[in-house]
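One structure is given here, and the rest of the page talks about it.
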Amino acid sequence: MAITIKSSSEVEKMRIAGKLAASVLDMITPHVVVGITTEHLDQICHKFIVDDLGAIPAPLNYHGFPKSICTSINNVVCHGIPGEKKLKKGDIINIDITVIKDGFHGDTSKMFIAGKSNVKATRICKIAQECMYLGIGLVKPGIHLGEIGQVIGAHAHAQHCSVVRDYCGHGIGQGFHEEPQVLHYDNGKAKQSPILEPGMTFTIEPMINLGGYQVVTSRLDGWTVTTKDRSLSAQWEHTILVTETGHEILTLRAEENI
Ligand code: MF3
Ligand code: CO
Ligand code: CO
């Protein structure tokens with residue numbers, strides 16, 4: 001399957017799906033407090049997505065994923081499964097929301113710090129967000145997709161952090177994970193990567209580690225990805241549309257002043 005170019009009516013559906021996904025992060029924010037379980041966060045999001053938004057939580061049963069959202073705490077890089085674990089003071093948690101509305105996907109995630117934050121937690125969350133915004137800032141017709149990874153990798157390394165290589169951003173639309181793969185690091189082949197065109201939609205979702213880039217997947221649940229060295233990891237994600245003149249962040253929240 002090649003990279004799909006969305007028609008204007010498809011773009012309109014992507015806008016709606018993006019807005020709804022963003023609204024789930026806004027809705028859940030006051031609930032992300034010390035003592036709540038990730039299972040409870042999942043229940044609240046599931047009910048909101050289904051009952052209030054009339055949408056579908058895309059992760060549920062996706063390749064067998066058992067819950068409606070991903071909750072990834074501290075050294076968990078991504079795909080954490082909500083469960084009975086309670087948030088502790090200073091925990092960092094990524095909540096990743098994907099909804100399907102009218103056949104189209106909106107995919108977005110952000111970091112939260114439970115209770116009082118500490119220096120390391122604040123730092124890794126901030127650097128990962130800067131990486132995402134730097135990547136988004138480049139997006140316009142005519143650039144190579146691989147330039148996104150170059151700028152993200154450069155910033156992460158300047159901050160003595162590493163970029164996860166085993167997971168990447170992705171085209172998105174009627175499919176959850178479409179072509180192309182959006183690398184968040186420089187693989188040395190940016191010039192051979194696709195050139196962006198108006199109507200492309202994809203995610204930028206860098207996973208940035210305080211230590212090394214290597215990750216391991218849980219042999220117990222088959223999903224939970226952690227840093228090999230147990231260092232903290234942070235991730236932010238937006239769904240982006242390439243426009244005639246630049247880009248539109250389809251999952252933008254009011255709290256973001258960019
Ligand atoms: N939302 C994740 C992404 O950004 C994918 C989660 S797949 C799941 O691509 F199965 F773990 F939910
Ligand atoms: Co994604
Ligand atoms: Co996601």
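Residues in the structure tokens are numbered from 1 in each chain, the chains being A, B, ... in the order shown, and ligands are numbered from 1 in the order shown.
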
Neighbour list for A:Ile127 as number ranges by chain, cut-off 8 Å, only C-alpha atoms, skip fewer than 2 positions in-chain = A: 123-125, 129-131, 156, 159, 208

Store the residues of this selection in a file with C-alpha atoms, as an mmCIF file, in the first residue's frame.
data_model
loop_
_atom_site.group_PDB
_atom_site.id
_atom_site.type_symbol
_atom_site.label_atom_id
_atom_site.label_comp_id
_atom_site.auth_asym_id
_atom_site.auth_seq_id
_atom_site.Cartn_x
_atom_site.Cartn_y
_atom_site.Cartn_z
ATOM 1 C CA ARG A 123 13.485 17.192 32.082
ATOM 2 C CA ILE A 124 12.712 14.063 30.061
ATOM 3 C CA CYS A 125 9.085 15.087 29.532
ATOM 4 C CA GLN A 129 7.872 17.427 23.817
ATOM 5 C CA GLU A 130 10.473 19.735 22.277
ATOM 6 C CA CYS A 131 11.517 16.887 19.975
ATOM 7 C CA ALA A 156 17.735 14.551 21.736
ATOM 8 C CA GLN A 159 20.444 16.966 25.462
ATOM 9 C CA ILE A 208 13.014 9.717 24.137
#

What are the DSSP strand (DSSP E or B) residues of stretch 82-140 of chain A, as a list in words?
-> Lys86, Ile92, Ile93, Asn94, Ile95, Asp96, Ile97, Thr98, Val99, Ile100, Lys101, Phe104, His105, Gly106, Asp107, Thr108, Ser109, Lys110, Met111, Phe112 and Ile113 of chain A

Select the residues contacting ligand 3 at a distance of at most 6 Å, based on only C-alpha atoms and all ligand atoms, then format the selection as a ChimeraX atom specification.
-> /A:96-98,107-109

Residues as selected, all heavy atoms, written as an mmCIF file, in the first residue's frame, can you do that?
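Output saved as selection_31.cif:
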data_model
loop_
_atom_site.group_PDB
_atom_site.id
_atom_site.type_symbol
_atom_site.label_atom_id
_atom_site.label_comp_id
_atom_site.auth_asym_id
_atom_site.auth_seq_id
_atom_site.Cartn_x
_atom_site.Cartn_y
_atom_site.Cartn_z
ATOM 1 N N ASP A 96 -1.888 7.383 25.832
ATOM 2 C CA ASP A 96 -1.973 7.392 24.368
ATOM 3 C C ASP A 96 -3.393 7.012 23.962
ATOM 4 O O ASP A 96 -3.894 5.930 24.319
ATOM 5 C CB ASP A 96 -0.949 6.414 23.790
ATOM 6 C CG ASP A 96 -0.746 6.589 22.289
ATOM 7 O OD1 ASP A 96 -1.652 7.103 21.605
ATOM 8 O OD2 ASP A 96 0.326 6.178 21.802
ATOM 9 N N ILE A 97 -4.028 7.921 23.242
ATOM 10 C CA ILE A 97 -5.431 7.788 22.866
ATOM 11 C C ILE A 97 -5.548 7.674 21.352
ATOM 12 O O ILE A 97 -5.019 8.515 20.625
ATOM 13 C CB ILE A 97 -6.216 9.063 23.290
ATOM 14 C CG1 ILE A 97 -6.075 9.349 24.793
ATOM 15 C CG2 ILE A 97 -7.679 8.972 22.833
ATOM 16 C CD1 ILE A 97 -6.745 8.359 25.701
ATOM 17 N N THR A 98 -6.245 6.667 20.882
ATOM 18 C CA THR A 98 -6.591 6.615 19.460
ATOM 19 C C THR A 98 -8.078 6.319 19.355
ATOM 20 O O THR A 98 -8.565 5.333 19.927
ATOM 21 C CB THR A 98 -5.789 5.542 18.704
ATOM 22 O OG1 THR A 98 -4.417 5.656 19.058
ATOM 23 C CG2 THR A 98 -5.950 5.701 17.193
ATOM 24 N N ASP A 107 -4.964 10.058 16.576
ATOM 25 C CA ASP A 107 -4.004 9.384 17.460
ATOM 26 C C ASP A 107 -3.142 10.451 18.136
ATOM 27 O O ASP A 107 -2.489 11.251 17.446
ATOM 28 C CB ASP A 107 -3.148 8.445 16.582
ATOM 29 C CG ASP A 107 -2.232 7.503 17.346
ATOM 30 O OD1 ASP A 107 -2.318 7.451 18.584
ATOM 31 O OD2 ASP A 107 -1.434 6.813 16.670
ATOM 32 N N THR A 108 -3.126 10.465 19.468
ATOM 33 C CA THR A 108 -2.379 11.501 20.180
ATOM 34 C C THR A 108 -2.037 11.040 21.583
ATOM 35 O O THR A 108 -2.771 10.249 22.181
ATOM 36 C CB THR A 108 -3.193 12.822 20.224
ATOM 37 O OG1 THR A 108 -2.395 13.859 20.818
ATOM 38 C CG2 THR A 108 -4.486 12.674 21.019
ATOM 39 N N SER A 109 -0.908 11.522 22.095
ATOM 40 C CA SER A 109 -0.549 11.177 23.468
ATOM 41 C C SER A 109 0.211 12.321 24.113
ATOM 42 O O SER A 109 0.753 13.194 23.421
ATOM 43 C CB SER A 109 0.299 9.901 23.519
ATOM 44 O OG SER A 109 1.653 10.156 23.171
#

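The residue set within 8 Å of A:Thr226, counting only C-alpha atoms and dropping same-chain residues fewer than 3 places from it, reads Asn75, Val76, Val77, Cys78, Val215, Val216, Thr217, Ser218 and Arg230 of chain A.
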
Could you turn the residues from that selection into a file that holds N, CA, C and O atoms, as a JSON list (two decimals), in the first residue's frame?
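What landed in again.json:
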[["chain", "number", "residue", "atom", "x", "y", "z"],
["A", 75, "ASN", "N", 9.83, 3.90, 33.22],
["A", 75, "ASN", "CA", 10.73, 3.25, 32.26],
["A", 75, "ASN", "C", 9.96, 2.49, 31.17],
["A", 75, "ASN", "O", 10.58, 1.88, 30.31],
["A", 76, "VAL", "N", 8.63, 2.56, 31.21],
["A", 76, "VAL", "CA", 7.85, 1.97, 30.11],
["A", 76, "VAL", "C", 7.84, 2.96, 28.95],
["A", 76, "VAL", "O", 7.48, 4.13, 29.12],
["A", 77, "VAL", "N", 8.25, 2.48, 27.79],
["A", 77, "VAL", "CA", 8.43, 3.32, 26.60],
["A", 77, "VAL", "C", 7.09, 3.54, 25.90],
["A", 77, "VAL", "O", 6.75, 4.66, 25.52],
["A", 78, "CYS", "N", 6.33, 2.47, 25.72],
["A", 78, "CYS", "CA", 5.04, 2.56, 25.04],
["A", 78, "CYS", "C", 4.27, 1.25, 25.23],
["A", 78, "CYS", "O", 4.84, 0.27, 25.72],
["A", 215, "VAL", "N", 15.45, -1.09, 23.80],
["A", 215, "VAL", "CA", 14.21, -1.41, 24.50],
["A", 215, "VAL", "C", 13.98, -2.92, 24.51],
["A", 215, "VAL", "O", 14.56, -3.64, 23.70],
["A", 216, "VAL", "N", 13.15, -3.36, 25.44],
["A", 216, "VAL", "CA", 12.76, -4.77, 25.47],
["A", 216, "VAL", "C", 11.24, -4.87, 25.60],
["A", 216, "VAL", "O", 10.60, -4.01, 26.22],
["A", 217, "THR", "N", 10.67, -5.90, 25.00],
["A", 217, "THR", "CA", 9.22, -6.13, 25.09],
["A", 217, "THR", "C", 8.95, -7.23, 26.11],
["A", 217, "THR", "O", 9.65, -8.25, 26.11],
["A", 218, "SER", "N", 7.97, -7.02, 26.95],
["A", 218, "SER", "CA", 7.63, -7.98, 28.00],
["A", 218, "SER", "C", 7.34, -9.37, 27.42],
["A", 218, "SER", "O", 6.55, -9.51, 26.49],
["A", 230, "ARG", "N", 16.46, 0.47, 32.08],
["A", 230, "ARG", "CA", 15.49, 0.90, 33.09],
["A", 230, "ARG", "C", 15.43, 2.42, 33.26],
["A", 230, "ARG", "O", 14.84, 2.93, 34.23]]

Could you report the residues within 8 Å of ligand 1, using only C-alpha atoms and all ligand atoms, as a ChimeraX atom specification?
-> /A:58-65,67-70,78-81,96-98,107-109,168-170,176-177,203,205,223,237

Write the residues of the selection above to a file with N, CA and C atoms, as a PDB file, in the first residue's frame.
ATOM      1  N   ALA A  58      -9.621   2.722  19.375  1.00  0.00           N
ATOM      2  CA  ALA A  58      -8.934   1.866  18.395  1.00  0.00           C
ATOM      3  C   ALA A  58      -8.034   0.792  19.004  1.00  0.00           C
ATOM      4  N   PRO A  59      -7.380   1.049  20.154  1.00  0.00           N
ATOM      5  CA  PRO A  59      -6.489   0.005  20.682  1.00  0.00           C
ATOM      6  C   PRO A  59      -7.213  -1.276  21.097  1.00  0.00           C
ATOM      7  N   LEU A  60      -8.459  -1.170  21.553  1.00  0.00           N
ATOM      8  CA  LEU A  60      -9.163  -2.329  22.111  1.00  0.00           C
ATOM      9  C   LEU A  60      -9.275  -3.433  21.064  1.00  0.00           C
ATOM     10  N   ASN A  61      -8.651  -4.559  21.364  1.00  0.00           N
ATOM     11  CA  ASN A  61      -8.606  -5.747  20.485  1.00  0.00           C
ATOM     12  C   ASN A  61      -7.728  -5.557  19.245  1.00  0.00           C
ATOM     13  N   TYR A  62      -7.003  -4.440  19.156  1.00  0.00           N
ATOM     14  CA  TYR A  62      -6.089  -4.228  18.030  1.00  0.00           C
ATOM     15  C   TYR A  62      -4.924  -5.213  18.163  1.00  0.00           C
ATOM     16  N   HIS A  63      -4.822  -6.154  17.255  1.00  0.00           N
ATOM     17  CA  HIS A  63      -3.826  -7.236  17.352  1.00  0.00           C
ATOM     18  C   HIS A  63      -3.845  -7.869  18.740  1.00  0.00           C
ATOM     19  N   GLY A  64      -5.038  -7.886  19.349  1.00  0.00           N
ATOM     20  CA  GLY A  64      -5.193  -8.522  20.657  1.00  0.00           C
ATOM     21  C   GLY A  64      -4.906  -7.637  21.845  1.00  0.00           C
ATOM     22  N   PHE A  65      -4.653  -6.334  21.641  1.00  0.00           N
ATOM     23  CA  PHE A  65      -4.427  -5.448  22.797  1.00  0.00           C
ATOM     24  C   PHE A  65      -5.696  -5.450  23.644  1.00  0.00           C
ATOM     25  N   LYS A  67      -6.974  -3.449  26.153  1.00  0.00           N
ATOM     26  CA  LYS A  67      -7.596  -2.264  26.759  1.00  0.00           C
ATOM     27  C   LYS A  67      -7.831  -1.172  25.718  1.00  0.00           C
ATOM     28  N   SER A  68      -8.467  -0.078  26.162  1.00  0.00           N
ATOM     29  CA  SER A  68      -8.878   0.984  25.238  1.00  0.00           C
ATOM     30  C   SER A  68      -7.868   2.096  25.077  1.00  0.00           C
ATOM     31  N   ILE A  69      -6.914   2.183  26.017  1.00  0.00           N
ATOM     32  CA  ILE A  69      -5.859   3.200  25.942  1.00  0.00           C
ATOM     33  C   ILE A  69      -4.529   2.528  26.314  1.00  0.00           C
ATOM     34  N   CYS A  70      -3.422   3.211  26.019  1.00  0.00           N
ATOM     35  CA  CYS A  70      -2.123   2.750  26.498  1.00  0.00           C
ATOM     36  C   CYS A  70      -1.670   3.684  27.618  1.00  0.00           C
ATOM     37  N   CYS A  78       6.332   2.473  25.717  1.00  0.00           N
ATOM     38  CA  CYS A  78       5.039   2.558  25.042  1.00  0.00           C
ATOM     39  C   CYS A  78       4.275   1.248  25.231  1.00  0.00           C
ATOM     40  N   HIS A  79       2.996   1.273  24.853  1.00  0.00           N
ATOM     41  CA  HIS A  79       2.128   0.085  24.854  1.00  0.00           C
ATOM     42  C   HIS A  79       1.921  -0.513  26.240  1.00  0.00           C
ATOM     43  N   GLY A  80       2.048   0.319  27.300  1.00  0.00           N
ATOM     44  CA  GLY A  80       1.726  -0.161  28.635  1.00  0.00           C
ATOM     45  C   GLY A  80       0.238  -0.491  28.726  1.00  0.00           C
ATOM     46  N   ILE A  81      -0.079  -1.607  29.376  1.00  0.00           N
ATOM     47  CA  ILE A  81      -1.474  -2.059  29.496  1.00  0.00           C
ATOM     48  C   ILE A  81      -2.041  -1.567  30.817  1.00  0.00           C
ATOM     49  N   ASP A  96      -1.888   7.383  25.832  1.00  0.00           N
ATOM     50  CA  ASP A  96      -1.973   7.392  24.368  1.00  0.00           C
ATOM     51  C   ASP A  96      -3.393   7.012  23.962  1.00  0.00           C
ATOM     52  N   ILE A  97      -4.028   7.921  23.242  1.00  0.00           N
ATOM     53  CA  ILE A  97      -5.431   7.788  22.866  1.00  0.00           C
ATOM     54  C   ILE A  97      -5.548   7.674  21.352  1.00  0.00           C
ATOM     55  N   THR A  98      -6.245   6.667  20.882  1.00  0.00           N
ATOM     56  CA  THR A  98      -6.591   6.615  19.460  1.00  0.00           C
ATOM     57  C   THR A  98      -8.078   6.319  19.355  1.00  0.00           C
ATOM     58  N   ASP A 107      -4.964  10.058  16.576  1.00  0.00           N
ATOM     59  CA  ASP A 107      -4.004   9.384  17.460  1.00  0.00           C
ATOM     60  C   ASP A 107      -3.142  10.451  18.136  1.00  0.00           C
ATOM     61  N   THR A 108      -3.126  10.465  19.468  1.00  0.00           N
ATOM     62  CA  THR A 108      -2.379  11.501  20.180  1.00  0.00           C
ATOM     63  C   THR A 108      -2.037  11.040  21.583  1.00  0.00           C
ATOM     64  N   SER A 109      -0.908  11.522  22.095  1.00  0.00           N
ATOM     65  CA  SER A 109      -0.549  11.177  23.468  1.00  0.00           C
ATOM     66  C   SER A 109       0.211  12.321  24.113  1.00  0.00           C
ATOM     67  N   CYS A 168       8.055   3.793  15.630  1.00  0.00           N
ATOM     68  CA  CYS A 168       8.110   5.050  14.870  1.00  0.00           C
ATOM     69  C   CYS A 168       6.703   5.607  14.699  1.00  0.00           C
ATOM     70  N   GLY A 169       6.632   6.820  14.132  1.00  0.00           N
ATOM     71  CA  GLY A 169       5.344   7.366  13.745  1.00  0.00           C
ATOM     72  C   GLY A 169       4.873   6.658  12.478  1.00  0.00           C
ATOM     73  N   HIS A 170       3.671   7.029  12.022  1.00  0.00           N
ATOM     74  CA  HIS A 170       3.032   6.250  10.956  1.00  0.00           C
ATOM     75  C   HIS A 170       1.989   7.072  10.228  1.00  0.00           C
ATOM     76  N   PHE A 176      -5.200   2.419  11.086  1.00  0.00           N
ATOM     77  CA  PHE A 176      -4.537   2.905  12.301  1.00  0.00           C
ATOM     78  C   PHE A 176      -3.065   3.164  11.962  1.00  0.00           C
ATOM     79  N   HIS A 177      -2.419   2.171  11.386  1.00  0.00           N
ATOM     80  CA  HIS A 177      -1.012   2.318  11.018  1.00  0.00           C
ATOM     81  C   HIS A 177      -0.860   2.123   9.519  1.00  0.00           C
ATOM     82  N   THR A 203       1.543  10.528  11.941  1.00  0.00           N
ATOM     83  CA  THR A 203       1.830  10.921  13.324  1.00  0.00           C
ATOM     84  C   THR A 203       3.324  11.200  13.477  1.00  0.00           C
ATOM     85  N   GLU A 205       5.679  10.978  16.880  1.00  0.00           N
ATOM     86  CA  GLU A 205       5.499  10.488  18.246  1.00  0.00           C
ATOM     87  C   GLU A 205       6.812   9.980  18.842  1.00  0.00           C
ATOM     88  N   TRP A 223       3.299  -7.059  25.191  1.00  0.00           N
ATOM     89  CA  TRP A 223       3.040  -5.679  24.766  1.00  0.00           C
ATOM     90  C   TRP A 223       3.990  -4.654  25.383  1.00  0.00           C
ATOM     91  N   GLU A 237       2.703  12.673  21.203  1.00  0.00           N
ATOM     92  CA  GLU A 237       2.251  12.318  19.850  1.00  0.00           C
ATOM     93  C   GLU A 237       1.157  13.250  19.352  1.00  0.00           C
TER      94      GLU A 237
END

Please provide as a VMD selection string all residues within 8 Å of A:Gly115, with the sequence filter that same-chain residues fewer than 6 positions apart are discarded (counting only C-alpha atoms).
-> chain A and resid 33 to 34 88 to 91

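Separating atom CA of A:His238 from atom CA of A:Lys116 is a distance of 25.9 Å.
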
Run DSSP on the backbone and give me the residues of stretch 124-254 of chain A it puts in alpha helix (DSSP H), as a ChimeraX atom specification.
-> /A:124-138,146-158
